[in-house]
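Chemist: Here it is, the structure, as structure tokens.
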Amino acid sequence: MRYGMAIDTAKCVGCGDCVVACQTENNVPNGYCRDWVVENVNGSYPNVEIELRSERCNHCENSPCVRCCPTGASHIVEGGIVMVTHNECIGCGACIESCPYDARYSHPDGYVDKCTFCQHRLEKGLNTACVDVCPTSCLHFGDLEDPFSDVSLALKNRTWKVLAPEAGTKPQLFFLT
Amino acid sequence: MKEELFISGRNIPNIDPFLNIWHWEIPVYLYLGGVSAGIMFFAGLFTILGKEKEMPTTVKWATFLVPVALVLGLFALFLDLKHQLFFWRLYTTIRIESPMSWGAWTLMFITPLSMLWAASYIKELIPGWKWKIKFVDQIEDLVIKNRKPLAWAMMALAVILGVYTGILLSAFNARPLWNTSILGPLFLVSGLSTGLAAIIWMSKSHFERSVLTKIDIVLIGVELFLIVHLFMGFLAGSAVKIEAAELFLGGEFTTAFWGFVVILGLIIPVILEILELRGFKIPIWIPSLLVLFGGLIFRFIMVEAGQITRFLY
């Protein structure tokens, strides 16, 4: 079992629905977000290219945040999901410093918070909130080890990239190009 | 408009537009930890060498600074925590991979040790001092009897503490400026040198000062050498490393780093110290103050600049 997500940058329209769905589902405090949309503009007119990416925690296999955590509050659960136990977190900020994707933030209540791949929904057999709400179906989620899961099928016939592979973190978010 | 923010990125406090999650508390703590490590290292060293008589400030009086510095440093660290009521979670596990866990445990041992060490000399500092409780006298006897083994422990822990102040930063591969293994030795040497500066400032014996000044000159030389290597490593590195180095080579930290840290904090004091050894009359507090000041600025710059550097994608 290895959860992963594929994001179709060609289909994403940057509506921000995934962001709002996540904030609503996970009670994310005002002004914060666990996922966000990056608009990457390359080149100049007339040769302009825009890439829209819905980004979130990469749930890295070699996760620096888990390595740096002094209390073990950051840990990896079944399916490779990186989680934070709130009442073990001391709010030292080491994991925020260690994340090449800046995917973690300090919750106003003190602990560090981040994307959980909606683990509470996965347990019920549901998809993550962002995937369910995406109007263009550009987010594909599932078990990377299952060849017929949504994400495996999406990765099979397309070219993809991961962000900052040189950071060596083995991210599990794949951007279809 | 919020919609626009969602689409073109994020705006999370202390993370966007650039990371700024660690403020003044961390550099102050790294500095106080480094100075403490320096003082403890030399107190241990000269005890093992049997020089208590010749080097009284190093072995005895300067060590009174250590518990104060460590407690202030720990308090700064505590202020930095954002989930403060759970700080005790640090001591429910040992995580070998996490430098912060290492540091927390090192401090757990070195702070009481430094208190014991200083307290065992209080009778010499204040003649007629009496501990009110008998139990304390017994502990004092124990410390005095086992000074040599304690000095070894103190030296070892001081080296771990000094290296740890650098490793704490260098463990973060997401911040290219920090992610270099030379930071451990560099912070250790800087800590030893600032510790020496504090001792030299306090010392009244000419002999002691000249011995310590000679060591300090060597340490500052090593520090300059490590700084040159730090930048050589960056400039020979990948794009993110070169970008990190450029913050100091023409970027926004150029003046602060080369002016305050390298020239004012290392080169001028080393020249003054050499002149002093040659017999020129130089007030001893000037080079000491400059070294101590340079060390503090160095840590502030490293912590602040490191958070700006990041991977590009």
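Starting from 1 in every chain, residues are counted up; chains themselves are A, B, ... following the order of the structure tokens, and ligands are numbered from 1 as listed.
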Would you mind listing, as a PyMOL selection string, all residues of chain A that have at least one atom within 7 Å of chain B, where only C-alpha atoms are what counts?

Modeler: chain A and resi 14-16+31-32+36-39+67-71+87-93+97-100+110-111+163-164+167

Chemist: Could you take the residues named above and write them with N, CA and C atoms, as a PDB file, in the first residue's frame?

Modeler:
ATOM      1  N   GLY A  14      -7.109  25.966 -12.374  1.00  0.00           N
ATOM      2  CA  GLY A  14      -6.734  26.881 -11.298  1.00  0.00           C
ATOM      3  C   GLY A  14      -7.912  27.504 -10.584  1.00  0.00           C
ATOM      4  N   CYS A  15      -9.027  26.770 -10.471  1.00  0.00           N
ATOM      5  CA  CYS A  15     -10.222  27.360  -9.860  1.00  0.00           C
ATOM      6  C   CYS A  15     -10.078  27.498  -8.351  1.00  0.00           C
ATOM      7  N   GLY A  16      -9.225  26.661  -7.752  1.00  0.00           N
ATOM      8  CA  GLY A  16      -9.040  26.758  -6.306  1.00  0.00           C
ATOM      9  C   GLY A  16     -10.080  25.993  -5.506  1.00  0.00           C
ATOM     10  N   GLY A  31      -6.981  32.013   6.593  1.00  0.00           N
ATOM     11  CA  GLY A  31      -5.672  32.550   6.214  1.00  0.00           C
ATOM     12  C   GLY A  31      -4.619  31.484   6.033  1.00  0.00           C
ATOM     13  N   TYR A  32      -4.946  30.244   6.315  1.00  0.00           N
ATOM     14  CA  TYR A  32      -3.985  29.149   6.135  1.00  0.00           C
ATOM     15  C   TYR A  32      -4.530  28.185   5.091  1.00  0.00           C
ATOM     16  N   TRP A  36      -2.670  24.277  -2.211  1.00  0.00           N
ATOM     17  CA  TRP A  36      -2.701  25.583  -2.856  1.00  0.00           C
ATOM     18  C   TRP A  36      -2.430  25.371  -4.340  1.00  0.00           C
ATOM     19  N   VAL A  37      -2.739  26.377  -5.138  1.00  0.00           N
ATOM     20  CA  VAL A  37      -2.530  26.249  -6.578  1.00  0.00           C
ATOM     21  C   VAL A  37      -1.424  27.207  -7.007  1.00  0.00           C
ATOM     22  N   VAL A  38      -0.435  26.668  -7.700  1.00  0.00           N
ATOM     23  CA  VAL A  38       0.669  27.489  -8.178  1.00  0.00           C
ATOM     24  C   VAL A  38       0.480  27.753  -9.666  1.00  0.00           C
ATOM     25  N   GLU A  39       0.643  28.999 -10.028  1.00  0.00           N
ATOM     26  CA  GLU A  39       0.523  29.386 -11.425  1.00  0.00           C
ATOM     27  C   GLU A  39       1.926  29.712 -11.915  1.00  0.00           C
ATOM     28  N   ARG A  67      12.404  12.864   9.816  1.00  0.00           N
ATOM     29  CA  ARG A  67      13.764  12.685  10.308  1.00  0.00           C
ATOM     30  C   ARG A  67      14.115  13.752  11.349  1.00  0.00           C
ATOM     31  N   CYS A  68      13.723  14.988  11.091  1.00  0.00           N
ATOM     32  CA  CYS A  68      14.129  16.086  11.957  1.00  0.00           C
ATOM     33  C   CYS A  68      13.317  16.188  13.234  1.00  0.00           C
ATOM     34  N   CYS A  69      12.138  15.603  13.264  1.00  0.00           N
ATOM     35  CA  CYS A  69      11.240  15.810  14.409  1.00  0.00           C
ATOM     36  C   CYS A  69      11.872  15.259  15.690  1.00  0.00           C
ATOM     37  N   PRO A  70      12.044  16.112  16.725  1.00  0.00           N
ATOM     38  CA  PRO A  70      12.725  15.644  17.931  1.00  0.00           C
ATOM     39  C   PRO A  70      11.853  14.791  18.841  1.00  0.00           C
ATOM     40  N   THR A  71      10.538  14.789  18.624  1.00  0.00           N
ATOM     41  CA  THR A  71       9.675  14.046  19.548  1.00  0.00           C
ATOM     42  C   THR A  71       8.992  12.851  18.904  1.00  0.00           C
ATOM     43  N   ASN A  87      -0.721  16.305  19.967  1.00  0.00           N
ATOM     44  CA  ASN A  87      -0.289  16.464  21.352  1.00  0.00           C
ATOM     45  C   ASN A  87       1.099  15.878  21.635  1.00  0.00           C
ATOM     46  N   GLU A  88       1.827  15.546  20.560  1.00  0.00           N
ATOM     47  CA  GLU A  88       3.242  15.231  20.744  1.00  0.00           C
ATOM     48  C   GLU A  88       4.113  16.340  20.170  1.00  0.00           C
ATOM     49  N   CYS A  89       3.494  17.207  19.353  1.00  0.00           N
ATOM     50  CA  CYS A  89       4.236  18.275  18.678  1.00  0.00           C
ATOM     51  C   CYS A  89       4.522  19.394  19.667  1.00  0.00           C
ATOM     52  N   ILE A  90       5.796  19.857  19.698  1.00  0.00           N
ATOM     53  CA  ILE A  90       6.140  20.945  20.615  1.00  0.00           C
ATOM     54  C   ILE A  90       6.192  22.286  19.888  1.00  0.00           C
ATOM     55  N   GLY A  91       5.982  22.267  18.570  1.00  0.00           N
ATOM     56  CA  GLY A  91       5.981  23.516  17.811  1.00  0.00           C
ATOM     57  C   GLY A  91       7.357  24.125  17.648  1.00  0.00           C
ATOM     58  N   CYS A  92       8.395  23.274  17.528  1.00  0.00           N
ATOM     59  CA  CYS A  92       9.755  23.816  17.434  1.00  0.00           C
ATOM     60  C   CYS A  92      10.042  24.368  16.042  1.00  0.00           C
ATOM     61  N   GLY A  93       9.301  23.906  15.049  1.00  0.00           N
ATOM     62  CA  GLY A  93       9.487  24.436  13.696  1.00  0.00           C
ATOM     63  C   GLY A  93      10.531  23.702  12.877  1.00  0.00           C
ATOM     64  N   GLU A  97      11.160  23.961   8.723  1.00  0.00           N
ATOM     65  CA  GLU A  97      12.444  24.314   8.116  1.00  0.00           C
ATOM     66  C   GLU A  97      12.923  23.229   7.159  1.00  0.00           C
ATOM     67  N   SER A  98      12.578  21.973   7.461  1.00  0.00           N
ATOM     68  CA  SER A  98      13.172  20.875   6.708  1.00  0.00           C
ATOM     69  C   SER A  98      12.416  20.551   5.427  1.00  0.00           C
ATOM     70  N   CYS A  99      11.241  21.126   5.226  1.00  0.00           N
ATOM     71  CA  CYS A  99      10.420  20.743   4.075  1.00  0.00           C
ATOM     72  C   CYS A  99      10.793  21.558   2.837  1.00  0.00           C
ATOM     73  N   PRO A 100      11.274  20.906   1.779  1.00  0.00           N
ATOM     74  CA  PRO A 100      11.635  21.650   0.565  1.00  0.00           C
ATOM     75  C   PRO A 100      10.416  22.224  -0.144  1.00  0.00           C
ATOM     76  N   GLY A 110      -0.743  26.221  17.916  1.00  0.00           N
ATOM     77  CA  GLY A 110       0.597  25.885  18.386  1.00  0.00           C
ATOM     78  C   GLY A 110       1.261  24.736  17.667  1.00  0.00           C
ATOM     79  N   TYR A 111       0.495  23.709  17.368  1.00  0.00           N
ATOM     80  CA  TYR A 111       1.128  22.553  16.738  1.00  0.00           C
ATOM     81  C   TYR A 111       1.315  22.803  15.238  1.00  0.00           C
ATOM     82  N   LEU A 163       8.362  17.326  -8.144  1.00  0.00           N
ATOM     83  CA  LEU A 163       8.975  18.614  -7.836  1.00  0.00           C
ATOM     84  C   LEU A 163      10.273  18.407  -7.060  1.00  0.00           C
ATOM     85  N   ALA A 164      11.287  19.179  -7.436  1.00  0.00           N
ATOM     86  CA  ALA A 164      12.592  19.160  -6.764  1.00  0.00           C
ATOM     87  C   ALA A 164      13.076  17.742  -6.458  1.00  0.00           C
ATOM     88  N   ALA A 167      16.139  17.212  -4.294  1.00  0.00           N
ATOM     89  CA  ALA A 167      16.135  17.273  -2.833  1.00  0.00           C
ATOM     90  C   ALA A 167      16.242  15.873  -2.227  1.00  0.00           C
TER      91      ALA A 167
END

Chemist: Mind checking which residues fall within 7 Å of segment 44-55 of chain B, counting only C-alpha atoms, ignoring those fewer than 4 positions away in the same chain, and posting them as a ChimeraX atom specification?

Modeler: /B:40,59,148,151-152,154-155,208

Chemist: Would you please work out which residue, of B:Phe135, B:Pro127, B:Thr58, B:Leu161, is nearest to Ile110 of chain B when using only C-alpha atoms?

Modeler: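 Going through B:Phe135, B:Pro127, B:Thr58, B:Leu161 one by one, the smallest distance to Ile110 of chain B is for B:Leu161.
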
Chemist: Would you mind listing what lies within 12 Å of segment 218-225 of chain B as a ChimeraX atom specification, with only C-alpha atoms counted and same-chain residues fewer than 4 positions away left out?

Modeler: /B:38,182-197,211-214,229-232,258,261-263,265-271,273-274,287,291,294-295,298

Chemist: Any chance you could export the current selection's N, CA and C atoms as a tab-separated table (two decimals), in the first residue's frame?

Modeler:
chain	number	residue	atom	x	y	z
B	38	GLY	N	32.40	26.67	24.70
B	38	GLY	CA	33.78	27.14	24.71
B	38	GLY	C	34.35	27.21	26.11
B	182	ILE	N	30.14	21.41	6.83
B	182	ILE	CA	31.20	22.23	7.43
B	182	ILE	C	30.63	23.13	8.53
B	183	LEU	N	29.30	23.26	8.57
B	183	LEU	CA	28.69	24.13	9.56
B	183	LEU	C	28.93	23.63	11.00
B	184	GLY	N	28.99	22.31	11.17
B	184	GLY	CA	29.24	21.75	12.50
B	184	GLY	C	30.57	22.22	13.06
B	185	PRO	N	31.70	21.90	12.36
B	185	PRO	CA	33.01	22.38	12.82
B	185	PRO	C	33.08	23.90	12.92
B	186	LEU	N	32.46	24.59	11.97
B	186	LEU	CA	32.53	26.06	11.97
B	186	LEU	C	31.88	26.64	13.23
B	187	PHE	N	30.71	26.13	13.58
B	187	PHE	CA	30.04	26.63	14.79
B	187	PHE	C	30.80	26.21	16.04
B	188	LEU	N	31.40	25.03	16.01
B	188	LEU	CA	32.20	24.60	17.17
B	188	LEU	C	33.37	25.54	17.39
B	189	VAL	N	34.13	25.82	16.31
B	189	VAL	CA	35.30	26.67	16.44
B	189	VAL	C	34.88	28.08	16.85
B	190	SER	N	33.81	28.57	16.25
B	190	SER	CA	33.32	29.90	16.62
B	190	SER	C	32.90	29.92	18.10
B	191	GLY	N	32.25	28.86	18.55
B	191	GLY	CA	31.85	28.78	19.95
B	191	GLY	C	33.05	28.76	20.88
B	192	LEU	N	34.06	27.95	20.53
B	192	LEU	CA	35.27	27.89	21.36
B	192	LEU	C	35.93	29.26	21.43
B	193	SER	N	35.99	29.94	20.27
B	193	SER	CA	36.66	31.23	20.22
B	193	SER	C	35.90	32.29	21.03
B	194	THR	N	34.56	32.29	20.94
B	194	THR	CA	33.80	33.27	21.74
B	194	THR	C	33.90	32.94	23.24
B	195	GLY	N	33.92	31.64	23.55
B	195	GLY	CA	34.10	31.25	24.96
B	195	GLY	C	35.42	31.76	25.48
B	196	LEU	N	36.49	31.58	24.69
B	196	LEU	CA	37.82	32.07	25.08
B	196	LEU	C	37.80	33.58	25.27
B	197	ALA	N	37.12	34.29	24.37
B	197	ALA	CA	37.06	35.74	24.47
B	197	ALA	C	36.46	36.15	25.81
B	211	VAL	N	48.42	32.87	27.34
B	211	VAL	CA	48.19	31.49	26.87
B	211	VAL	C	46.89	31.41	26.07
B	212	LEU	N	45.83	31.98	26.65
B	212	LEU	CA	44.51	31.91	26.00
B	212	LEU	C	44.49	32.69	24.69
B	213	THR	N	45.20	33.84	24.68
B	213	THR	CA	45.22	34.64	23.46
B	213	THR	C	45.88	33.86	22.32
B	214	LYS	N	46.95	33.13	22.66
B	214	LYS	CA	47.62	32.33	21.62
B	214	LYS	C	46.65	31.28	21.04
B	229	HIS	N	36.40	27.90	3.05
B	229	HIS	CA	35.98	26.60	2.51
B	229	HIS	C	34.48	26.50	2.34
B	230	LEU	N	33.74	27.13	3.26
B	230	LEU	CA	32.29	27.15	3.14
B	230	LEU	C	31.89	27.74	1.79
B	231	PHE	N	32.50	28.88	1.45
B	231	PHE	CA	32.11	29.54	0.20
B	231	PHE	C	32.68	28.82	-1.01
B	232	MET	N	33.86	28.24	-0.88
B	232	MET	CA	34.38	27.43	-1.98
B	232	MET	C	33.43	26.29	-2.30
B	258	TRP	N	30.60	40.26	5.79
B	258	TRP	CA	32.04	40.53	5.65
B	258	TRP	C	32.47	41.67	6.57
B	261	VAL	N	31.07	40.39	10.69
B	261	VAL	CA	31.53	39.08	11.16
B	261	VAL	C	33.01	38.88	10.84
B	262	VAL	N	33.36	39.01	9.57
B	262	VAL	CA	34.72	38.64	9.18
B	262	VAL	C	35.73	39.73	9.58
B	263	ILE	N	35.49	40.98	9.17
B	263	ILE	CA	36.49	42.02	9.46
B	263	ILE	C	36.44	42.43	10.93
B	265	GLY	N	34.70	41.10	13.46
B	265	GLY	CA	34.60	40.03	14.45
B	265	GLY	C	35.75	39.05	14.43
B	266	LEU	N	36.54	39.02	13.35
B	266	LEU	CA	37.63	38.03	13.28
B	266	LEU	C	38.97	38.70	12.97
B	267	ILE	N	39.05	39.46	11.88
B	267	ILE	CA	40.36	39.95	11.44
B	267	ILE	C	40.91	41.02	12.38
B	268	ILE	N	40.09	42.03	12.72
B	268	ILE	CA	40.59	43.09	13.62
B	268	ILE	C	40.97	42.52	14.99
B	269	PRO	N	40.09	41.71	15.63
B	269	PRO	CA	40.53	41.17	16.93
B	269	PRO	C	41.79	40.33	16.83
B	270	VAL	N	41.97	39.57	15.75
B	270	VAL	CA	43.17	38.73	15.68
B	270	VAL	C	44.41	39.62	15.54
B	271	ILE	N	44.28	40.73	14.79
B	271	ILE	CA	45.42	41.65	14.68
B	271	ILE	C	45.72	42.27	16.04
B	273	GLU	N	45.07	41.06	18.95
B	273	GLU	CA	45.63	40.06	19.86
B	273	GLU	C	47.11	39.83	19.57
B	274	ILE	N	47.46	39.79	18.28
B	274	ILE	CA	48.87	39.60	17.93
B	274	ILE	C	49.69	40.79	18.43
B	287	PRO	N	39.43	43.42	21.84
B	287	PRO	CA	39.33	42.21	20.99
B	287	PRO	C	38.28	41.22	21.49
B	291	VAL	N	35.14	39.86	19.27
B	291	VAL	CA	34.92	38.44	18.96
B	291	VAL	C	33.52	38.01	19.41
B	294	GLY	N	30.99	39.59	17.05
B	294	GLY	CA	31.02	38.94	15.73
B	294	GLY	C	30.32	37.59	15.76
B	295	GLY	N	30.54	36.83	16.83
B	295	GLY	CA	29.91	35.51	16.96
B	295	GLY	C	28.39	35.62	16.98
B	298	PHE	N	27.14	36.61	13.53
B	298	PHE	CA	27.30	35.46	12.64
B	298	PHE	C	26.09	34.54	12.74

Chemist: Show which residues sit within 8 Å of Pro171 of chain A, as a PDB file with N, CA and C atoms, in the first residue's frame. Count only C-alpha atoms, and ignore same-chain residues fewer than 3 positions away.

Modeler:
ATOM      1  N   ASN A  58       3.930  16.366  -0.163  1.00  0.00           N
ATOM      2  CA  ASN A  58       4.314  15.316  -1.103  1.00  0.00           C
ATOM      3  C   ASN A  58       4.379  13.922  -0.478  1.00  0.00           C
ATOM      4  N   HIS A  59       4.128  13.843   0.825  1.00  0.00           N
ATOM      5  CA  HIS A  59       4.184  12.567   1.546  1.00  0.00           C
ATOM      6  C   HIS A  59       5.416  11.760   1.126  1.00  0.00           C
ATOM      7  N   CYS A  60       6.565  12.408   1.217  1.00  0.00           N
ATOM      8  CA  CYS A  60       7.824  11.847   0.732  1.00  0.00           C
ATOM      9  C   CYS A  60       8.139  10.510   1.390  1.00  0.00           C
ATOM     10  N   GLU A  61       8.771   9.673   0.592  1.00  0.00           N
ATOM     11  CA  GLU A  61       9.199   8.384   1.120  1.00  0.00           C
ATOM     12  C   GLU A  61      10.387   8.580   2.068  1.00  0.00           C
ATOM     13  N   ASN A  62      11.302   9.475   1.669  1.00  0.00           N
ATOM     14  CA  ASN A  62      12.457   9.793   2.509  1.00  0.00           C
ATOM     15  C   ASN A  62      12.191  11.170   3.131  1.00  0.00           C
ATOM     16  N   VAL A 162       8.207  15.029 -10.919  1.00  0.00           N
ATOM     17  CA  VAL A 162       7.990  15.354  -9.507  1.00  0.00           C
ATOM     18  C   VAL A 162       8.710  16.666  -9.240  1.00  0.00           C
ATOM     19  N   LEU A 163       8.362  17.326  -8.144  1.00  0.00           N
ATOM     20  CA  LEU A 163       8.975  18.614  -7.836  1.00  0.00           C
ATOM     21  C   LEU A 163      10.273  18.407  -7.060  1.00  0.00           C
ATOM     22  N   PRO A 165      13.203  16.894  -7.500  1.00  0.00           N
ATOM     23  CA  PRO A 165      13.707  15.534  -7.233  1.00  0.00           C
ATOM     24  C   PRO A 165      15.113  15.573  -6.637  1.00  0.00           C
ATOM     25  N   PHE A 174       2.751  13.398  -8.297  1.00  0.00           N
ATOM     26  CA  PHE A 174       3.256  13.334  -9.666  1.00  0.00           C
ATOM     27  C   PHE A 174       2.486  14.319 -10.522  1.00  0.00           C
TER      28      PHE A 174
END

Chemist: Please return, as a ChimeraX atom specification, all residues of chain A that DSSP assigns to helix (DSSP H, G or I) on the basis of the backbone.

Modeler: /A:17-25,64-68,86-88,94-98,119-122,129-133,150-156,165-167

Chemist: Can you write just those residues out, N, CA and C atoms, as a compact mmCIF listing (two decimals), in the first residue's frame?

Modeler:
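Output (again-v3.txt):
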# COMPACT_ATOMS: atom_id res chain seq x y z
N ASP A 17 -10.89 25.18 -6.17
CA ASP A 17 -11.89 24.39 -5.46
C ASP A 17 -11.24 23.41 -4.48
N CYS A 18 -10.11 22.83 -4.89
CA CYS A 18 -9.44 21.86 -4.02
C CYS A 18 -9.02 22.54 -2.71
N VAL A 19 -8.61 23.82 -2.82
CA VAL A 19 -8.16 24.54 -1.63
C VAL A 19 -9.34 24.75 -0.68
N VAL A 20 -10.46 25.21 -1.24
CA VAL A 20 -11.62 25.49 -0.40
C VAL A 20 -12.17 24.20 0.19
N ALA A 21 -12.22 23.13 -0.63
CA ALA A 21 -12.74 21.85 -0.14
C ALA A 21 -11.91 21.37 1.04
N CYS A 22 -10.59 21.51 0.93
CA CYS A 22 -9.70 21.06 2.00
C CYS A 22 -9.91 21.89 3.25
N GLN A 23 -10.01 23.21 3.07
CA GLN A 23 -10.20 24.08 4.23
C GLN A 23 -11.49 23.75 4.97
N THR A 24 -12.52 23.45 4.20
CA THR A 24 -13.81 23.13 4.80
C THR A 24 -13.76 21.76 5.48
N GLU A 25 -13.22 20.78 4.77
CA GLU A 25 -13.19 19.41 5.29
C GLU A 25 -12.35 19.30 6.56
N PRO A 64 12.20 14.37 5.14
CA PRO A 64 13.09 15.10 6.05
C PRO A 64 12.37 15.58 7.31
N CYS A 65 11.05 15.83 7.19
CA CYS A 65 10.31 16.32 8.36
C CYS A 65 10.24 15.26 9.45
N VAL A 66 10.06 14.01 9.03
CA VAL A 66 9.99 12.93 10.01
C VAL A 66 11.36 12.72 10.65
N ARG A 67 12.40 12.86 9.82
CA ARG A 67 13.76 12.68 10.31
C ARG A 67 14.12 13.75 11.35
N CYS A 68 13.72 14.99 11.09
CA CYS A 68 14.13 16.09 11.96
C CYS A 68 13.32 16.19 13.23
N HIS A 86 -0.86 15.80 17.16
CA HIS A 86 -0.89 17.16 17.70
C HIS A 86 -0.36 17.26 19.12
N ASN A 87 -0.72 16.31 19.97
CA ASN A 87 -0.29 16.46 21.35
C ASN A 87 1.10 15.88 21.63
N GLU A 88 1.83 15.55 20.56
CA GLU A 88 3.24 15.23 20.74
C GLU A 88 4.11 16.34 20.17
N ALA A 94 11.16 22.65 13.44
CA ALA A 94 12.21 21.94 12.70
C ALA A 94 11.66 21.34 11.40
N CYS A 95 10.44 20.80 11.46
CA CYS A 95 9.89 20.16 10.26
C CYS A 95 9.54 21.19 9.20
N ILE A 96 9.11 22.38 9.66
CA ILE A 96 8.78 23.44 8.69
C ILE A 96 10.06 23.86 7.97
N GLU A 97 11.16 23.96 8.72
CA GLU A 97 12.44 24.31 8.12
C GLU A 97 12.92 23.23 7.16
N SER A 98 12.58 21.97 7.46
CA SER A 98 13.17 20.87 6.71
C SER A 98 12.42 20.55 5.43
N GLN A 119 -6.87 11.31 5.64
CA GLN A 119 -6.82 9.94 6.12
C GLN A 119 -8.14 9.49 6.76
N HIS A 120 -8.82 10.47 7.43
CA HIS A 120 -10.09 10.11 8.06
C HIS A 120 -11.14 9.72 7.02
N ARG A 121 -11.00 10.24 5.80
CA ARG A 121 -11.93 9.85 4.73
C ARG A 121 -11.50 8.53 4.10
N LEU A 122 -10.19 8.35 3.95
CA LEU A 122 -9.69 7.10 3.34
C LEU A 122 -10.12 5.90 4.16
N ALA A 129 -10.86 14.97 -0.05
CA ALA A 129 -11.83 16.02 -0.35
C ALA A 129 -11.47 16.76 -1.63
N CYS A 130 -10.16 17.02 -1.83
CA CYS A 130 -9.75 17.79 -3.01
C CYS A 130 -10.03 17.01 -4.29
N VAL A 131 -9.81 15.70 -4.26
CA VAL A 131 -10.04 14.88 -5.45
C VAL A 131 -11.53 14.86 -5.78
N ASP A 132 -12.36 14.67 -4.73
CA ASP A 132 -13.80 14.55 -4.95
C ASP A 132 -14.41 15.81 -5.55
N VAL A 133 -13.82 16.96 -5.20
CA VAL A 133 -14.48 18.21 -5.58
C VAL A 133 -13.97 18.76 -6.91
N ASP A 150 -6.70 4.49 -9.73
CA ASP A 150 -6.85 5.70 -10.53
C ASP A 150 -5.50 6.35 -10.82
N VAL A 151 -4.67 6.43 -9.79
CA VAL A 151 -3.39 7.12 -9.96
C VAL A 151 -2.44 6.32 -10.85
N SER A 152 -2.43 4.99 -10.68
CA SER A 152 -1.54 4.18 -11.50
C SER A 152 -1.92 4.27 -12.97
N LEU A 153 -3.22 4.25 -13.24
CA LEU A 153 -3.68 4.33 -14.63
C LEU A 153 -3.33 5.69 -15.22
N ALA A 154 -3.45 6.76 -14.40
CA ALA A 154 -3.14 8.09 -14.90
C ALA A 154 -1.65 8.21 -15.23
N LEU A 155 -0.81 7.58 -14.41
CA LEU A 155 0.63 7.69 -14.64
C LEU A 155 1.11 6.84 -15.80
N LYS A 156 0.32 5.79 -16.10
CA LYS A 156 0.74 4.79 -17.07
C LYS A 156 0.94 5.36 -18.47
N PRO A 165 13.20 16.89 -7.50
CA PRO A 165 13.71 15.53 -7.23
C PRO A 165 15.11 15.57 -6.64
N GLU A 166 15.85 16.67 -6.93
CA GLU A 166 17.23 16.78 -6.44
C GLU A 166 17.29 16.92 -4.92
N ALA A 167 16.14 17.21 -4.29
CA ALA A 167 16.13 17.27 -2.83
C ALA A 167 16.24 15.87 -2.23

Chemist: From a DSSP pass on the backbone, collect the residues of segment 74-176 of chain A flagged as strand (DSSP E or B) and hand them back as a PDB file with C-alpha atoms, in the first residue's frame.

Modeler:
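Resulting contents of out_1.pdb:
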ATOM      1  CA  SER A  74       5.798  13.573  12.722  1.00  0.00           C
ATOM      2  CA  HIS A  75       5.542   9.983  11.636  1.00  0.00           C
ATOM      3  CA  ILE A  76       4.588   7.822   8.696  1.00  0.00           C
ATOM      4  CA  VAL A  77       1.460   5.700   8.889  1.00  0.00           C
ATOM      5  CA  ILE A  81       1.053   9.061   4.727  1.00  0.00           C
ATOM      6  CA  VAL A  82       3.078  11.549   6.771  1.00  0.00           C
ATOM      7  CA  MET A  83       1.057  12.538   9.839  1.00  0.00           C
ATOM      8  CA  VAL A  84       1.530  14.842  12.832  1.00  0.00           C
ATOM      9  CA  TYR A 105       2.534  25.528   8.644  1.00  0.00           C
ATOM     10  CA  SER A 106       2.312  26.453  12.275  1.00  0.00           C
ATOM     11  CA  VAL A 112       2.262  22.007  13.162  1.00  0.00           C
ATOM     12  CA  ASP A 113      -0.371  21.091  10.630  1.00  0.00           C
ATOM     13  CA  LEU A 139      -6.564  15.021  -9.528  1.00  0.00           C
ATOM     14  CA  HIS A 140      -5.997  11.276  -9.462  1.00  0.00           C
ATOM     15  CA  PHE A 141      -5.538   9.520  -6.158  1.00  0.00           C
ATOM     16  CA  GLY A 142      -4.981   5.940  -5.080  1.00  0.00           C
ATOM     17  CA  ASP A 143      -2.607   3.127  -4.269  1.00  0.00           C
ATOM     18  CA  TRP A 160       5.081  13.156 -15.517  1.00  0.00           C
ATOM     19  CA  LYS A 161       7.513  14.906 -13.245  1.00  0.00           C
ATOM     20  CA  LEU A 173       2.984  13.739  -5.906  1.00  0.00           C
ATOM     21  CA  PHE A 174       3.256  13.334  -9.666  1.00  0.00           C
ATOM     22  CA  PHE A 175       2.561  16.166 -12.057  1.00  0.00           C
ATOM     23  CA  LEU A 176       1.301  15.000 -15.454  1.00  0.00           C
TER      24      LEU A 176
END

Chemist: Can you pull out the residues contacting Glu145 of chain A? Cut-off 10 Å, using only C-alpha atoms, and skip same-chain residues under 4 positions away; I want them as a PyMOL selection string.

Modeler: chain A and resi 1-4+79+149+151-152

Chemist: Of the candidates A:Thr159, A:Thr169, A:Thr177, A:Thr128, which shows the shortest atom-to-atom distance to Asn26 of chain A, using only C-alpha atoms?

Modeler: A:Thr128

Chemist: Interatomic distance between atom CA of Lys114 of chain A and atom CA of Arg56 of chain A?

Modeler: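 Taking atom CA of Lys114 of chain A and atom CA of Arg56 of chain A, their separation equals 8.3 Å.
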
Chemist: What separation in Å, quoted to one decimal, exists between atom CA of Leu247 of chain B and atom CA of Glu25 of chain B?

Modeler: 22.3 Å

Chemist: For atom CA of Thr9 of chain A and atom CA of Val48 of chain A, quote the distance in Å rounded to one decimal.

Modeler: 15.2 Å

Chemist: Using only C-alpha atoms, which of B:Ala198, B:Glu252, B:Ile217, B:Ala69 sits nearest Ile286 of chain B?

Modeler: B:Ala198
